[in-house]
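Chemist: Handing you this structure, nothing more for now.
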Amino acid sequence: MIIRKSVLRRFLFLSIVASIVPVAGIGLLYDRLTNTALERMLGERISGHLAATGNRLGAFIENRRYQAETIANYPGIAALADNPAMRPPSDIAALLQVEADQPDLYGILFFDRDGRLTRVIPGQAASGSAYWNDKPFRIDALPKTRIGQVEVVGPMAPHGGESGWFLVMQPIPDSRGSGAKGHFVALHVRLASLGEQLGSTAAIGALQPLLRTPSGDFDNVGHLVHARQRVLAGPEFMSGWMPMLEVEPAGVVSSLEAERKALLVAVIGGVAAMIWFYYRLSSRLRWRMRPLLAATEAISMGRWGHRIPEEGDDEIAAVSQALNTMSGKLQETLNEAVRMERLAVLGEFATRIAHEVRNPLASLKTTSQALARREADSKRKQLLIDMENEIDRLADVVSDLVRFGRPRAPRLSPFEVREVFRKASVMADAKAQERGVSVTCVGESELHVMGDQDQLGQVVLNLVLNAVEASKAGGVVVLRASREKGLARLEVTDAGHGIPDEIRDRVLEPFFTTKSRGVGLGLSIARQLVEMNDGKIGIDSQAGRGTTVYILLPLAH
């Protein structure tokens with residue numbers, strides 16, 4: 001999306017322009033003032049200080065190098081390194097302990113040809129790895145700097161409560177006198193001792209001494225730091241190792257009042273420009289947001305037909321379109337919620353009524369049957385038989401109420417449509433013959449559907465019986481199975497009188513019926529069972545041209 005089509009990108013672009021221009025000007029001015037201040041205040045003194053610091057650091061490393069070389073060439077050290085389990089002789093042990101106790105060391109370490117730690121000689125300052133805990137002491141991931149035969153490993157920054165350090169490693173000549181390099185002896189050097197060589201910069205001014213290494217920058221006490229200001233680098237005393245001075249701008253610029261005033265004016269001007277730009281942007285945004293606020297207020301008051309003018313093709317226009325779509329669908333959602341609430345209330349009501357009526361009906365039927373068996377008068381006996389039939393009809397109504405109020409959870413499994421059609425045809429055959437109607441099955445009846453076969457079979461049977469009742473003598477009820485958009489479509493079609501348009505949407509509602517007998521729960525129960533089986537039921541009908549009730553169900557894979 002290009003900038004002119006996006007409100008957010010336009011605002012972002014203008015904000016960046018409004019911010020960067022003054023900040024860039026301030027940065028250039030700041031850089032010029034800093035350079036001027038450094039040139040005025042520091043001059044050649046910084047170069048001399050950095051050179052002297054580099055010499056001290058180089059001398060410190062050279063002393064450690066000489067110390068490591070002395071230890072490596074001491075008689076018996078090679079044999080001691082070759083045998084890690086060997087107890088060192090008293091003279092070698094005394095030498096190693098004296099060397100390890102120097103204040104700049106944590107201790108002396110021995111490594112094999114593969115860089116694995118084999119022996120440790122702790123000094124007086126020893127702590128942490130690899131002396132007093134079980135943490136692994138690994139150096140393979142640390143940077144390495146070579147000076148002749150000596151290799152400087154590290155430094156390792158302070159972590160986990162342990163101080164920083166680095167190693168000065170010297171190869172030990174082979175104990176067999178072949179001259180080949182074997183094991184290594186390493187001085188475990190305190191990083192703070194090297195940092196102490198940076199000295200003080202109090203005589204120079206607002207500068208902080210730093211030590212740059214392959215592992216990062218450290219201050220004069222061996223802590224890892226990140227230089228945020230300008231730094232001045234000194235000479236390398238090892239590859240990648242050099243002293244530095246970090247410039248503190250507040251101290252440098254504090255004496256330059258004129259430059260500070262110019263800098264302050266530039267900052268104020270930049271802030272004022274940004275405020276003005278953001279004010280213009282916010283005004284434009286508020287103007288674009290007013291129709292959205294008006295629309296949400298209208299929708300909250302129930303005016304679902306309210307529409308927002310969809311102007312432009314940016315994000316706000318997209319929101320307007322989404323609000324228009326939402327207001328159109330919200331009424332449908334609310335209607336569905338009301339329908340579900342009504343069904344829940346009706347279900348609870350139906351269950352309670354059925355519970356209260358079922359037991360009295362059973363008593364009445366038992367009583368009428370007993371009286372009919374003992375009644376000698378044929379007319380009275382027929383009245384009792386008719387009463388029993390009416391009681392059975394009421395019992396069927398109560399059963400419908402119970403099924404509607406407390407439907408059984410479906411037991412989903414794949415089944416063949418042909419079997420459901422067959423059972424429905426057989427069970428409706430007696431009523432169909434009575435009314436002179438034939439029932440036929442067509443289409444892809446071999447389809448396999450995922451659902452509860454008993455519940456969906458009940459639905460199909462009820463639909464077939466309704467179709468038979470709606471058909472005239474000589475009519476045909478057609479059961480058809482087909483595929484539609486990855487679903488199974490089951491249809492029950494009759495050639496009866498059809499359903500008028502004004503009541504078509506109500507026939508699936510509970511207790512709505514056009515028959516003289518019944519309570520209007522048949523199609524409601526069918527709809528309930530179909531939806532419980534992840535399906536959908538619908539009606540296509542025209543008055544005088546018959547009716548088709550269709551069911552969409554998921555196919556079994």
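Every chain in the structure tokens takes a letter, A first, then B, and so on in the order presented; its residues are numbered from 1, and the ligands are numbered from 1 following the presented order.
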Might you pull out every residue within 8 Å of range 287-296 of chain A, with only C-alpha atoms counted and same-chain residues fewer than 5 positions away left off, and present them as number ranges by chain?
Modeler: A: 306-308, 316, 320, 323
Chemist: Compile the contact shell of range 381-386 of chain A as a ChimeraX atom specification: residues with an atom at most 10 Å away, counting only C-alpha atoms, same-chain residues fewer than 4 positions apart removed.
Modeler: /A:365,367-377,390-392
Chemist: Please, could you write that set of residues out with N, CA and C atoms as a PDB file, in the first residue's frame?
Modeler:
ATOM      1  N   LYS A 365     -55.041 -44.415  31.747  1.00  0.00           N
ATOM      2  CA  LYS A 365     -55.073 -45.512  30.791  1.00  0.00           C
ATOM      3  C   LYS A 365     -55.307 -46.849  31.488  1.00  0.00           C
ATOM      4  N   THR A 367     -56.835 -47.339  34.305  1.00  0.00           N
ATOM      5  CA  THR A 367     -58.222 -47.369  34.791  1.00  0.00           C
ATOM      6  C   THR A 367     -59.195 -47.651  33.650  1.00  0.00           C
ATOM      7  N   SER A 368     -59.012 -46.969  32.509  1.00  0.00           N
ATOM      8  CA  SER A 368     -59.921 -47.182  31.374  1.00  0.00           C
ATOM      9  C   SER A 368     -59.836 -48.608  30.851  1.00  0.00           C
ATOM     10  N   GLN A 369     -58.628 -49.195  30.831  1.00  0.00           N
ATOM     11  CA  GLN A 369     -58.487 -50.564  30.377  1.00  0.00           C
ATOM     12  C   GLN A 369     -59.207 -51.540  31.317  1.00  0.00           C
ATOM     13  N   ALA A 370     -59.073 -51.267  32.621  1.00  0.00           N
ATOM     14  CA  ALA A 370     -59.752 -52.141  33.597  1.00  0.00           C
ATOM     15  C   ALA A 370     -61.269 -52.040  33.476  1.00  0.00           C
ATOM     16  N   LEU A 371     -61.768 -50.830  33.299  1.00  0.00           N
ATOM     17  CA  LEU A 371     -63.217 -50.651  33.151  1.00  0.00           C
ATOM     18  C   LEU A 371     -63.723 -51.279  31.863  1.00  0.00           C
ATOM     19  N   ALA A 372     -62.943 -51.163  30.777  1.00  0.00           N
ATOM     20  CA  ALA A 372     -63.382 -51.722  29.497  1.00  0.00           C
ATOM     21  C   ALA A 372     -63.495 -53.237  29.564  1.00  0.00           C
ATOM     22  N   ARG A 373     -62.580 -53.877  30.292  1.00  0.00           N
ATOM     23  CA  ARG A 373     -62.646 -55.337  30.391  1.00  0.00           C
ATOM     24  C   ARG A 373     -63.906 -55.804  31.152  1.00  0.00           C
ATOM     25  N   ARG A 374     -64.389 -55.008  32.073  1.00  0.00           N
ATOM     26  CA  ARG A 374     -65.524 -55.411  32.908  1.00  0.00           C
ATOM     27  C   ARG A 374     -66.841 -54.838  32.410  1.00  0.00           C
ATOM     28  N   GLU A 375     -66.806 -53.977  31.385  1.00  0.00           N
ATOM     29  CA  GLU A 375     -68.034 -53.327  30.916  1.00  0.00           C
ATOM     30  C   GLU A 375     -68.771 -54.264  29.951  1.00  0.00           C
ATOM     31  N   ALA A 376     -70.076 -54.488  30.230  1.00  0.00           N
ATOM     32  CA  ALA A 376     -70.889 -55.373  29.389  1.00  0.00           C
ATOM     33  C   ALA A 376     -71.604 -54.601  28.297  1.00  0.00           C
ATOM     34  N   ASP A 377     -71.893 -53.325  28.567  1.00  0.00           N
ATOM     35  CA  ASP A 377     -72.595 -52.496  27.585  1.00  0.00           C
ATOM     36  C   ASP A 377     -71.622 -52.122  26.467  1.00  0.00           C
ATOM     37  N   GLU A 390     -57.403 -41.768  22.906  1.00  0.00           N
ATOM     38  CA  GLU A 390     -57.059 -40.363  23.146  1.00  0.00           C
ATOM     39  C   GLU A 390     -55.932 -40.236  24.163  1.00  0.00           C
ATOM     40  N   ILE A 391     -55.968 -41.133  25.161  1.00  0.00           N
ATOM     41  CA  ILE A 391     -54.875 -41.112  26.147  1.00  0.00           C
ATOM     42  C   ILE A 391     -53.554 -41.442  25.459  1.00  0.00           C
ATOM     43  N   ASP A 392     -53.564 -42.421  24.512  1.00  0.00           N
ATOM     44  CA  ASP A 392     -52.342 -42.748  23.766  1.00  0.00           C
ATOM     45  C   ASP A 392     -51.874 -41.554  22.945  1.00  0.00           C
TER      46      ASP A 392
END
Chemist: Identify, on the basis of only C-alpha atoms, every residue whose closest approach to Asn73 in chain A does not exceed 8 Å; exclude the query and any residue fewer than 4 positions from it along the same chain; express the result as an NGL selection string.
Modeler: :A and (69 or 77-78 or 172-173)
Chemist: Which range 68-125 of chain A residues have any atom within 12 Å of an atom of range 145-152 of chain A, and for each, what is the nearest pair of atoms with distance in Å to one decimal, counting only C-alpha atoms, rows sorted by chain and number, as a Markdown table?
Modeler:
| residue | atom | partner | partner_atom | distance |
| --- | --- | --- | --- | --- |
| A:Ala68 | CA | A:Val150 | CA | 8.4 |
| A:Glu69 | CA | A:Val150 | CA | 8.2 |
| A:Thr70 | CA | A:Val150 | CA | 12.0 |
| A:Ala72 | CA | A:Val150 | CA | 10.9 |
Chemist: Selection from above, N, CA, C and O atoms, as a PDB file, in the first residue's frame, can you write it?
Modeler:
ATOM      1  N   ALA A  68      54.436 -17.199  32.622  1.00  0.00           N
ATOM      2  CA  ALA A  68      53.935 -18.464  32.093  1.00  0.00           C
ATOM      3  C   ALA A  68      55.039 -19.264  31.432  1.00  0.00           C
ATOM      4  O   ALA A  68      55.109 -20.504  31.548  1.00  0.00           O
ATOM      5  N   GLU A  69      55.945 -18.589  30.710  1.00  0.00           N
ATOM      6  CA  GLU A  69      57.048 -19.281  30.053  1.00  0.00           C
ATOM      7  C   GLU A  69      57.981 -19.914  31.074  1.00  0.00           C
ATOM      8  O   GLU A  69      58.472 -21.032  30.882  1.00  0.00           O
ATOM      9  N   THR A  70      58.217 -19.198  32.176  1.00  0.00           N
ATOM     10  CA  THR A  70      59.088 -19.734  33.232  1.00  0.00           C
ATOM     11  C   THR A  70      58.500 -21.008  33.824  1.00  0.00           C
ATOM     12  O   THR A  70      59.208 -22.009  34.037  1.00  0.00           O
ATOM     13  N   ALA A  72      56.319 -23.069  32.432  1.00  0.00           N
ATOM     14  CA  ALA A  72      56.251 -24.145  31.442  1.00  0.00           C
ATOM     15  C   ALA A  72      57.581 -24.849  31.251  1.00  0.00           C
ATOM     16  O   ALA A  72      57.623 -26.059  30.955  1.00  0.00           O
TER      17      ALA A  72
END
Chemist: Do you know which residues are at most 8 Å from Gly451 in chain A counting only C-alpha atoms, after dropping those on the same chain fewer than 2 positions away, and could you put them as a PyMOL selection string?
Modeler: chain A and resi 410-415+449+453+456+533-534+553-554
Chemist: By how many Å are CA of Glu484 in chain A and CA of Glu416 in chain A apart?
Modeler: 16.7 Å
Chemist: Distance CA of Arg489 in chain A-CA of His448 in chain A, one decimal place?
Modeler: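 Calculated distance between CA of Arg489 in chain A and CA of His448 in chain A is 11.2 Å.
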Chemist: Between CA of Tyr74 in chain A and CA of Met238 in chain A, what distance in Å does the model show, to one decimal?
Modeler: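 Pair CA of Tyr74 in chain A / CA of Met238 in chain A returns 26.4 Å.
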Chemist: I want to know what sits within 10 Å of Ala93 in chain A, based on only C-alpha atoms, with residues of the same chain fewer than 6 positions away left out; could you give that as a list in words?
Modeler: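 Counting only the stated atoms, we get Ile77, Arg87, Glu99 and Ile121 of chain A.
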Chemist: Taking the backbone alone, and naming residues the way the document does, which bits of range 23-218 of chain A are helix (DSSP H, G or I) by DSSP, as a PyMOL selection string?
Modeler: chain A and resi 23-41+44-72+77-82+90-100+191-198
Chemist: With only C-alpha atoms as the counted atoms, please give the residues lying no more than 10 Å from Arg480 in chain A, apart from itself and same-chain residues fewer than 4 positions off, as a ChimeraX atom specification.
Modeler: /A:417,421,440-445,489-493,550
Chemist: Could you save those same residues with N, CA and C atoms as a PDB file, in the first residue's frame?
Modeler:
ATOM      1  N   VAL A 417     -26.729 -43.677   3.756  1.00  0.00           N
ATOM      2  CA  VAL A 417     -28.023 -43.019   3.565  1.00  0.00           C
ATOM      3  C   VAL A 417     -29.067 -44.038   3.106  1.00  0.00           C
ATOM      4  N   PHE A 421     -33.067 -44.334   4.332  1.00  0.00           N
ATOM      5  CA  PHE A 421     -34.178 -44.231   3.385  1.00  0.00           C
ATOM      6  C   PHE A 421     -35.029 -45.502   3.404  1.00  0.00           C
ATOM      7  N   THR A 440     -40.707 -43.297  -3.090  1.00  0.00           N
ATOM      8  CA  THR A 440     -39.595 -43.783  -3.913  1.00  0.00           C
ATOM      9  C   THR A 440     -38.307 -43.087  -3.513  1.00  0.00           C
ATOM     10  N   CYS A 441     -37.178 -43.785  -3.706  1.00  0.00           N
ATOM     11  CA  CYS A 441     -35.850 -43.257  -3.357  1.00  0.00           C
ATOM     12  C   CYS A 441     -35.025 -43.145  -4.640  1.00  0.00           C
ATOM     13  N   VAL A 442     -34.355 -42.011  -4.826  1.00  0.00           N
ATOM     14  CA  VAL A 442     -33.514 -41.778  -6.004  1.00  0.00           C
ATOM     15  C   VAL A 442     -32.206 -41.122  -5.558  1.00  0.00           C
ATOM     16  N   GLY A 443     -31.295 -40.941  -6.527  1.00  0.00           N
ATOM     17  CA  GLY A 443     -30.051 -40.221  -6.251  1.00  0.00           C
ATOM     18  C   GLY A 443     -28.945 -41.127  -5.747  1.00  0.00           C
ATOM     19  N   GLU A 444     -27.978 -40.537  -5.076  1.00  0.00           N
ATOM     20  CA  GLU A 444     -26.787 -41.243  -4.591  1.00  0.00           C
ATOM     21  C   GLU A 444     -27.046 -41.779  -3.191  1.00  0.00           C
ATOM     22  N   SER A 445     -27.880 -42.773  -3.096  1.00  0.00           N
ATOM     23  CA  SER A 445     -28.219 -43.310  -1.775  1.00  0.00           C
ATOM     24  C   SER A 445     -27.073 -44.084  -1.144  1.00  0.00           C
ATOM     25  N   ARG A 489     -26.683 -33.960   0.808  1.00  0.00           N
ATOM     26  CA  ARG A 489     -27.987 -33.289   0.792  1.00  0.00           C
ATOM     27  C   ARG A 489     -29.082 -34.362   0.681  1.00  0.00           C
ATOM     28  N   LEU A 490     -29.924 -34.450   1.728  1.00  0.00           N
ATOM     29  CA  LEU A 490     -31.052 -35.382   1.754  1.00  0.00           C
ATOM     30  C   LEU A 490     -32.328 -34.576   1.569  1.00  0.00           C
ATOM     31  N   GLU A 491     -33.183 -34.980   0.627  1.00  0.00           N
ATOM     32  CA  GLU A 491     -34.409 -34.248   0.322  1.00  0.00           C
ATOM     33  C   GLU A 491     -35.616 -35.175   0.449  1.00  0.00           C
ATOM     34  N   VAL A 492     -36.718 -34.606   0.958  1.00  0.00           N
ATOM     35  CA  VAL A 492     -38.016 -35.279   0.979  1.00  0.00           C
ATOM     36  C   VAL A 492     -38.986 -34.348   0.266  1.00  0.00           C
ATOM     37  N   THR A 493     -39.513 -34.781  -0.886  1.00  0.00           N
ATOM     38  CA  THR A 493     -40.335 -33.918  -1.747  1.00  0.00           C
ATOM     39  C   THR A 493     -41.716 -34.521  -1.906  1.00  0.00           C
ATOM     40  N   TYR A 550     -35.093 -30.150   2.856  1.00  0.00           N
ATOM     41  CA  TYR A 550     -33.747 -30.677   2.628  1.00  0.00           C
ATOM     42  C   TYR A 550     -32.911 -30.607   3.902  1.00  0.00           C
TER      43      TYR A 550
END
Chemist: Might you pull out every residue within 12 Å of Arg435 in chain A, with only C-alpha atoms counted and same-chain residues fewer than 6 positions away left off, and present them as a PyMOL selection string?
Modeler: chain A and resi 428-429+465+467-477
Chemist: Just all heavy atoms for this one: save the residues we selected as an mmCIF file, in the first residue's frame.
Modeler:
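Okay, again.cif is ready:
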data_model
loop_
_atom_site.group_PDB
_atom_site.id
_atom_site.type_symbol
_atom_site.label_atom_id
_atom_site.label_comp_id
_atom_site.auth_asym_id
_atom_site.auth_seq_id
_atom_site.Cartn_x
_atom_site.Cartn_y
_atom_site.Cartn_z
ATOM 1 N N ALA A 428 -43.232 -46.033 6.815
ATOM 2 C CA ALA A 428 -44.307 -45.153 6.335
ATOM 3 C C ALA A 428 -45.182 -45.837 5.302
ATOM 4 O O ALA A 428 -46.144 -45.225 4.804
ATOM 5 C CB ALA A 428 -43.702 -43.884 5.735
ATOM 6 N N ASP A 429 -44.886 -47.094 4.983
ATOM 7 C CA ASP A 429 -45.603 -47.758 3.891
ATOM 8 C C ASP A 429 -47.087 -47.937 4.212
ATOM 9 O O ASP A 429 -47.944 -47.726 3.345
ATOM 10 C CB ASP A 429 -44.954 -49.119 3.620
ATOM 11 C CG ASP A 429 -45.601 -49.822 2.437
ATOM 12 O OD1 ASP A 429 -45.494 -49.291 1.313
ATOM 13 O OD2 ASP A 429 -46.220 -50.877 2.647
ATOM 14 N N LEU A 465 -43.526 -38.937 6.745
ATOM 15 C CA LEU A 465 -44.928 -39.003 7.193
ATOM 16 C C LEU A 465 -45.652 -37.684 6.932
ATOM 17 O O LEU A 465 -46.822 -37.671 6.506
ATOM 18 C CB LEU A 465 -44.974 -39.360 8.679
ATOM 19 C CG LEU A 465 -44.493 -40.776 9.045
ATOM 20 C CD1 LEU A 465 -44.481 -40.972 10.550
ATOM 21 C CD2 LEU A 465 -45.379 -41.830 8.384
ATOM 22 N N ALA A 467 -44.891 -35.592 4.547
ATOM 23 C CA ALA A 467 -45.081 -35.507 3.097
ATOM 24 C C ALA A 467 -46.246 -36.373 2.640
ATOM 25 O O ALA A 467 -47.017 -35.993 1.744
ATOM 26 C CB ALA A 467 -43.792 -35.910 2.388
ATOM 27 N N VAL A 468 -46.396 -37.572 3.252
ATOM 28 C CA VAL A 468 -47.513 -38.451 2.885
ATOM 29 C C VAL A 468 -48.838 -37.790 3.234
ATOM 30 O O VAL A 468 -49.805 -37.816 2.464
ATOM 31 C CB VAL A 468 -47.354 -39.810 3.582
ATOM 32 C CG1 VAL A 468 -48.630 -40.645 3.444
ATOM 33 C CG2 VAL A 468 -46.175 -40.571 2.997
ATOM 34 N N GLU A 469 -48.898 -37.166 4.432
ATOM 35 C CA GLU A 469 -50.125 -36.502 4.847
ATOM 36 C C GLU A 469 -50.461 -35.328 3.933
ATOM 37 O O GLU A 469 -51.632 -35.020 3.679
ATOM 38 C CB GLU A 469 -49.990 -36.005 6.290
ATOM 39 C CG GLU A 469 -49.966 -37.111 7.324
ATOM 40 C CD GLU A 469 -49.877 -36.564 8.739
ATOM 41 O OE1 GLU A 469 -49.808 -35.321 8.887
ATOM 42 O OE2 GLU A 469 -49.872 -37.357 9.680
ATOM 43 N N ALA A 470 -49.413 -34.632 3.423
ATOM 44 C CA ALA A 470 -49.659 -33.471 2.569
ATOM 45 C C ALA A 470 -49.981 -33.845 1.140
ATOM 46 O O ALA A 470 -50.456 -33.002 0.361
ATOM 47 C CB ALA A 470 -48.436 -32.550 2.592
ATOM 48 N N SER A 471 -49.738 -35.120 0.738
ATOM 49 C CA SER A 471 -49.933 -35.542 -0.647
ATOM 50 C C SER A 471 -51.374 -35.974 -0.885
ATOM 51 O O SER A 471 -52.074 -36.456 0.025
ATOM 52 C CB SER A 471 -48.975 -36.686 -0.996
ATOM 53 O OG SER A 471 -47.627 -36.269 -0.855
ATOM 54 N N LYS A 472 -51.790 -35.825 -2.130
ATOM 55 C CA LYS A 472 -53.108 -36.296 -2.546
ATOM 56 C C LYS A 472 -53.001 -37.743 -3.020
ATOM 57 O O LYS A 472 -51.909 -38.252 -3.271
ATOM 58 C CB LYS A 472 -53.635 -35.407 -3.670
ATOM 59 C CG LYS A 472 -53.763 -33.946 -3.285
ATOM 60 C CD LYS A 472 -54.200 -33.107 -4.470
ATOM 61 C CE LYS A 472 -54.271 -31.625 -4.107
ATOM 62 N NZ LYS A 472 -54.668 -30.773 -5.257
ATOM 63 N N ALA A 473 -54.145 -38.383 -3.123
ATOM 64 C CA ALA A 473 -54.176 -39.772 -3.601
ATOM 65 C C ALA A 473 -53.556 -39.847 -4.990
ATOM 66 O O ALA A 473 -53.838 -39.020 -5.865
ATOM 67 C CB ALA A 473 -55.603 -40.291 -3.624
ATOM 68 N N GLY A 474 -52.674 -40.830 -5.178
ATOM 69 C CA GLY A 474 -51.964 -40.979 -6.435
ATOM 70 C C GLY A 474 -50.669 -40.194 -6.496
ATOM 71 O O GLY A 474 -49.942 -40.279 -7.496
ATOM 72 N N GLY A 475 -50.364 -39.438 -5.438
ATOM 73 C CA GLY A 475 -49.133 -38.665 -5.415
ATOM 74 C C GLY A 475 -47.912 -39.522 -5.109
ATOM 75 O O GLY A 475 -48.015 -40.688 -4.720
ATOM 76 N N VAL A 476 -46.751 -38.920 -5.282
ATOM 77 C CA VAL A 476 -45.485 -39.612 -5.054
ATOM 78 C C VAL A 476 -44.634 -38.776 -4.103
ATOM 79 O O VAL A 476 -44.481 -37.557 -4.296
ATOM 80 C CB VAL A 476 -44.705 -39.839 -6.367
ATOM 81 C CG1 VAL A 476 -43.372 -40.534 -6.090
ATOM 82 C CG2 VAL A 476 -45.535 -40.654 -7.341
ATOM 83 N N VAL A 477 -44.099 -39.419 -3.083
ATOM 84 C CA VAL A 477 -43.131 -38.800 -2.174
ATOM 85 C C VAL A 477 -41.743 -39.301 -2.582
ATOM 86 O O VAL A 477 -41.498 -40.510 -2.622
ATOM 87 C CB VAL A 477 -43.434 -39.130 -0.704
ATOM 88 C CG1 VAL A 477 -42.334 -38.595 0.196
ATOM 89 C CG2 VAL A 477 -44.783 -38.568 -0.304
#
Chemist: DSSP says strand (DSSP E) for which residues of range 83-195 of chain A? Put them as a compact mmCIF listing (two decimals) with N, CA and C atoms, in the first residue's frame?
Modeler:
# COMPACT_ATOMS: atom_id res chain seq x y z
N LEU A 105 46.59 -13.03 40.10
CA LEU A 105 46.10 -14.30 39.58
C LEU A 105 45.04 -14.89 40.50
N TYR A 106 44.15 -15.68 39.88
CA TYR A 106 43.26 -16.54 40.65
C TYR A 106 43.90 -17.90 40.89
N GLY A 107 44.77 -18.31 39.98
CA GLY A 107 45.42 -19.59 40.13
C GLY A 107 46.13 -19.97 38.83
N ILE A 108 46.60 -21.22 38.78
CA ILE A 108 47.29 -21.75 37.60
C ILE A 108 46.52 -22.98 37.13
N LEU A 109 46.29 -23.07 35.81
CA LEU A 109 45.50 -24.15 35.24
C LEU A 109 46.33 -24.92 34.23
N PHE A 110 46.09 -26.22 34.14
CA PHE A 110 46.74 -27.07 33.15
C PHE A 110 45.68 -27.62 32.20
N PHE A 111 46.00 -27.63 30.92
CA PHE A 111 45.08 -28.12 29.89
C PHE A 111 45.80 -29.18 29.05
N LEU A 117 40.50 -29.04 30.69
CA LEU A 117 41.15 -28.73 31.97
C LEU A 117 41.51 -30.03 32.68
N THR A 118 42.79 -30.15 33.08
CA THR A 118 43.25 -31.38 33.73
C THR A 118 43.72 -31.18 35.16
N ARG A 119 44.16 -29.98 35.51
CA ARG A 119 44.68 -29.75 36.88
C ARG A 119 44.52 -28.26 37.21
N VAL A 120 44.21 -27.97 38.46
CA VAL A 120 44.08 -26.58 38.92
C VAL A 120 44.94 -26.38 40.15
N ILE A 121 45.60 -25.23 40.20
CA ILE A 121 46.37 -24.83 41.39
C ILE A 121 45.75 -23.53 41.87
N PRO A 122 44.86 -23.55 42.86
CA PRO A 122 44.20 -22.32 43.29
C PRO A 122 45.16 -21.39 44.04
N LYS A 144 40.60 -15.76 21.02
CA LYS A 144 42.00 -16.08 21.31
C LYS A 144 42.90 -15.13 20.54
N THR A 145 43.93 -14.64 21.23
CA THR A 145 44.90 -13.71 20.63
C THR A 145 46.30 -14.29 20.86
N ARG A 146 47.07 -14.44 19.78
CA ARG A 146 48.39 -15.07 19.89
C ARG A 146 49.48 -14.01 19.92
N ILE A 147 50.43 -14.21 20.85
CA ILE A 147 51.65 -13.39 20.93
C ILE A 147 52.82 -14.37 20.95
N VAL A 150 52.73 -17.73 23.03
CA VAL A 150 51.72 -17.55 24.06
C VAL A 150 50.38 -17.22 23.40
N GLU A 151 49.31 -17.73 23.99
CA GLU A 151 47.96 -17.45 23.50
C GLU A 151 47.14 -16.86 24.64
N VAL A 152 46.58 -15.65 24.41
CA VAL A 152 45.71 -15.00 25.39
C VAL A 152 44.28 -15.38 25.06
N VAL A 153 43.61 -16.02 25.99
CA VAL A 153 42.25 -16.51 25.81
C VAL A 153 41.30 -15.63 26.62
N GLY A 154 40.27 -15.12 25.98
CA GLY A 154 39.29 -14.30 26.67
C GLY A 154 39.31 -12.88 26.16
N PRO A 155 38.83 -11.96 26.98
CA PRO A 155 38.45 -12.17 28.38
C PRO A 155 37.03 -12.69 28.55
N MET A 156 36.76 -13.23 29.75
CA MET A 156 35.42 -13.63 30.16
C MET A 156 34.86 -12.54 31.06
N TRP A 165 37.92 -12.51 34.00
CA TRP A 165 39.26 -13.08 33.94
C TRP A 165 39.67 -13.30 32.49
N PHE A 166 40.94 -13.60 32.29
CA PHE A 166 41.43 -14.08 31.01
C PHE A 166 42.61 -15.00 31.28
N LEU A 167 43.01 -15.78 30.29
CA LEU A 167 44.08 -16.75 30.43
C LEU A 167 45.27 -16.37 29.58
N VAL A 168 46.46 -16.59 30.14
CA VAL A 168 47.70 -16.47 29.38
C VAL A 168 48.27 -17.89 29.28
N MET A 169 48.13 -18.52 28.11
CA MET A 169 48.44 -19.94 27.94
C MET A 169 49.79 -20.10 27.25
N GLN A 170 50.61 -20.95 27.86
CA GLN A 170 51.95 -21.23 27.33
C GLN A 170 52.04 -22.73 27.06
N PRO A 171 52.44 -23.16 25.84
CA PRO A 171 52.60 -24.60 25.59
C PRO A 171 53.75 -25.17 26.39
N ILE A 172 53.58 -26.38 26.90
CA ILE A 172 54.60 -27.08 27.67
C ILE A 172 55.36 -28.00 26.72
N PRO A 173 56.70 -27.94 26.68
CA PRO A 173 57.46 -28.84 25.81
C PRO A 173 57.16 -30.29 26.13
N LYS A 181 54.90 -29.71 20.82
CA LYS A 181 54.06 -29.07 21.84
C LYS A 181 53.04 -30.07 22.35
N GLY A 182 52.94 -30.14 23.68
CA GLY A 182 52.01 -31.08 24.28
C GLY A 182 50.90 -30.37 24.99
N HIS A 183 50.98 -30.37 26.32
CA HIS A 183 49.95 -29.75 27.13
C HIS A 183 50.24 -28.25 27.29
N PHE A 184 49.32 -27.57 28.01
CA PHE A 184 49.43 -26.13 28.20
C PHE A 184 49.31 -25.80 29.68
N VAL A 185 50.06 -24.80 30.08
CA VAL A 185 49.89 -24.21 31.40
C VAL A 185 49.36 -22.80 31.18
N ALA A 186 48.39 -22.40 32.02
CA ALA A 186 47.73 -21.11 31.82
C ALA A 186 47.67 -20.36 33.14
N LEU A 187 48.00 -19.06 33.07
CA LEU A 187 47.80 -18.18 34.21
C LEU A 187 46.36 -17.67 34.18
N HIS A 188 45.62 -17.90 35.25
CA HIS A 188 44.23 -17.45 35.37
C HIS A 188 44.26 -16.02 35.94
N VAL A 189 44.28 -15.02 35.06
CA VAL A 189 44.56 -13.64 35.44
C VAL A 189 43.27 -12.90 35.76
N ARG A 190 43.29 -12.09 36.81
CA ARG A 190 42.17 -11.21 37.16
C ARG A 190 42.03 -10.12 36.10
Chemist: Find the residue from A:Gln458, A:Thr213, A:Gln229, A:Ser378 that sits nearest to Leu194 in chain A; use only C-alpha atoms when measuring.
Modeler: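 Between A:Gln458, A:Thr213, A:Gln229, A:Ser378, the residue approaching Leu194 in chain A most closely is A:Thr213.
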